[in-house]
Structure formats: structure tokens, C-alpha cells
Amino acid sequence: LWISTFLALTPSPAYHVFALPLPERELIARIRRRVEGVAPLLADVARSGKFSPRHIVTGIGDDCSILRIPPGSDALITTDFSLEGVHFRRDWHPPEVVGHRCLARGLSDIAAMGAEPIAAFLSLALPAKLPQRWVDGFLRGLLNLAARSKTELAGGDTAESPNGVLADIVVLGSVAKGRAILRSGARPGDALYVTGELGASAATLNLLSSGRKAKLRPEAYPQHFFPVPRIAMGKVLREKRIASAMIDLSDGLSTELFHICEESGVGAEVQEGAIPRAHIGEPKREVDSRFALHGGEDYELLFTSPKPVPAKIAGVPITKIGRITRKKKLLLLDSVGRSRELRPAGWEHFRS
Ligand SMILES: [Mg+2]
């Protein structure tokens, strides 16, 4: 992990060490200090009986991290890239936002299984000319979210990037053995639900890319800049055995619903008018329905259930948007009952 991999793989370490914004060892030491600065916060949470930081037997500073997952649990692992020019732009996204969103992607996948995060691992490749304050901001954003979601940064790797910032986050989570909520559990007759409101992130991105706004205040567009992974929601949906299948909305409703239907061998009908559309901007306005339908990176949860579902869980509203059908088709129904086929390629097309 930190240090050892770097020295083993780099033919001329001296060059790389001095080309990085901070010498490699200093950068790692700095990250380690930050992580240890977060540790007292985790200890407070532990005293309240809700979390044990002792999952991490050995964190940053040795060849490997040693983790101990709770007995009777399955370990869940997810990995996500955050690439400059693909997932973020340095002129649009402040470093704190990039760090936050980098970890949020991984945490959202853990939430989508009804699991709880334990630890994260960060591999970071940085251009030689990147200002150190950018790296500091990135870490601040990432570690703030880590502390809030009781996740410890337990290791990683750093290197010089020839072109742009590349971050890869691995998140480890745990869930009671055999109890993770899969994409494959949807059955005909189950109702279809989403958490929160959809479309804010894509609509914000659209504002930025249309050139109508060169810069947006992140605080005014929190869904895009500081999305909150639905960890508490996912956990309740699993514990109360409410969700039969679940997925997070990282690539947009139409695409993610397609994944659930494909894995479960079913189809679905969605009431277009029922989809809860987000409100963004100053003053706030409801987003266009194509953003709610196809826009990615909202990190809300999409799930199916054969049972009555509460209107709110962990303070977040839940909305019924349709049902699962035996016929393997995705249909979008309008207010007068006309139907048209819902195509999962929406977001990909939209992104281009
Ligand atoms: Mg996912």
C-alpha cells in the first residue's frame, strides 16, 4: 500500500518524489496525520455504542491494512474512478467537492446493498504542477464525508499522473451474512420506489455545460456538489426486510431500472408524473423531467417491495413511481395512461 508499492514499482523514485506537489513521503505523512485527526471523532461515535473503530487493526503505515469485519458478516467491496475531465472539471468543481464526490460514489454502492461502510482506500495520481492546496482541499472534502459516514481511510497509493487528476476509491462495507439486498430480487407485483428527489445533479451539470453559468455556488446546488449517500435509509430497508431488490441511482433512473429488471428477469411500468423531480437554483425551480428520468449522479436509491412502505425513512421521503411486471419491458405511462417504451440508454446519450 502506501510507500512500499511506490518504491517497488517506480524505476527512478527520486524524480517522482520531487515532481509531485509534495514529496511522496510528506504527502503520505500528511494524509496519515489528517486521518488520525479524524480518529477522535470516530472514538466519540464508538462511545455512543453505534460504531467500533476497531474494525481497523492496522491502518496507514504498514505494507497492508489489517481489517476485522464483525463476526457473522459478509464483506462488500466496491471500486469507483473519479477522473478529471470525465467525472469532474477543476474549473467547475472545487477540490473539496471532488474529494467528497469521490468517496460518495463508493459509499452509495455500499448503501445500495443495505450495508454499512467500514473503510476506504484511495489511489491518487496527481499531475506534477498541481498546487498543494488543491490536494489539501480534496482530502478535506473526502475526510469530512468519511467522518460523517463512520468510514476510516485505511490505505491507498499515490503516483504522478502525466495528465489530469485520477482518483480511485475502494470502499469496504459489511452486512449480516446472506442479507445484502441484490438487484435480482424484484418480483412481478412488487411496487417500485425511489428515495428523495431526482434530476438535480444532471440539471446542475447542464447549467454548467451550457455555458450560461461559468461558476455555481456549491452551497446553492448541494445535490450535485455534495450528494449524500443514503446509508441510513439502505440499512433500515434491509433490517425491516422492506426492499426485495435495490440499486443506487448513479447512472440515472432509466438505466438503473433496466439493471434491476435485467437481473431479476422482469419488466416495469413507471408513472412519469409520479417521479419526484428535484428543485434547484436561486430561486429554486423544478428540474425538467428528462433530468429526473435519465440524469445520473443523484445517488438516491431505487428499490422494489411487496410490502407497505413508510412515507419517510431517516428523514428522507420515499415515493412510489410504478410497479414490476411479468412482461420484460420498461414502459413509461403518462397522465392519461398512454404508454411508451422507456429506453435505458438515456443517460449515455444525454452525456454525449
Ligand atoms: Mg451502484
# chains A, B, ... in the order shown; residues from 1 in each chain; ligands from 1

call {"tool": "residues_around", "arguments": {"residues": "region 204-212 of chain A", "least_positions_apart": "5", "cutoff": "8 Å", "atoms": "only C-alpha atoms", "output": "ChimeraX atom specification"}}
result
/A:92,221,224,280

call {"tool": "write_last_selection", "arguments": {"atoms": "C-alpha atoms", "output": "tab-separated table (two decimals), in the first residue's frame"}}
result
chain	number	residue	atom	x	y	z
A	92	TRP	CA	-16.32	23.69	-12.22
A	221	TYR	CA	-26.63	23.25	-5.55
A	224	HIS	CA	-24.69	17.97	-7.39
A	280	ILE	CA	-32.51	23.59	-7.85

call {"tool": "residues_near_ligand", "arguments": {"ligand": "ligand 1", "cutoff": "6 Å", "atoms": "only C-alpha atoms and all ligand atoms", "output": "CSV table (one decimal) with N, CA, C and O atoms, in the first residue's frame"}}
result
chain,number,residue,atom,x,y,z
A,109,ASP,N,-22.7,2.9,-3.3
A,109,ASP,CA,-22.8,1.5,-3.7
A,109,ASP,C,-23.0,0.6,-2.5
A,109,ASP,O,-23.8,-0.4,-2.5
A,247,ILE,N,-30.9,-0.7,-5.9
A,247,ILE,CA,-29.7,-0.2,-6.7
A,247,ILE,C,-29.6,1.3,-6.4
A,247,ILE,O,-30.6,1.9,-6.0
A,248,ASP,N,-28.4,1.9,-6.5
A,248,ASP,CA,-28.3,3.3,-6.3
A,248,ASP,C,-28.4,4.0,-7.7
A,248,ASP,O,-28.0,3.4,-8.7

call {"tool": "atom_distance", "arguments": {"atom1": "CA of Thr78 (chain A)", "atom2": "CA of Val171 (chain A)"}}
result
5.4 Å

call {"tool": "closest_residue", "arguments": {"among": "A:Arg285, A:Gly267, A:Phe303, A:Ser149", "to": "Leu182 (chain A)", "atoms": "only C-alpha atoms"}}
result
A:Phe303

call {"tool": "residues_around", "arguments": {"residues": "Leu103 (chain A)", "least_positions_apart": "2", "cutoff": "12 Å", "atoms": "only C-alpha atoms", "output": "ChimeraX atom specification"}}
result
/A:78-82,96-101,105-110,117,119-123,138-149,151-153,167-172,226-229,299
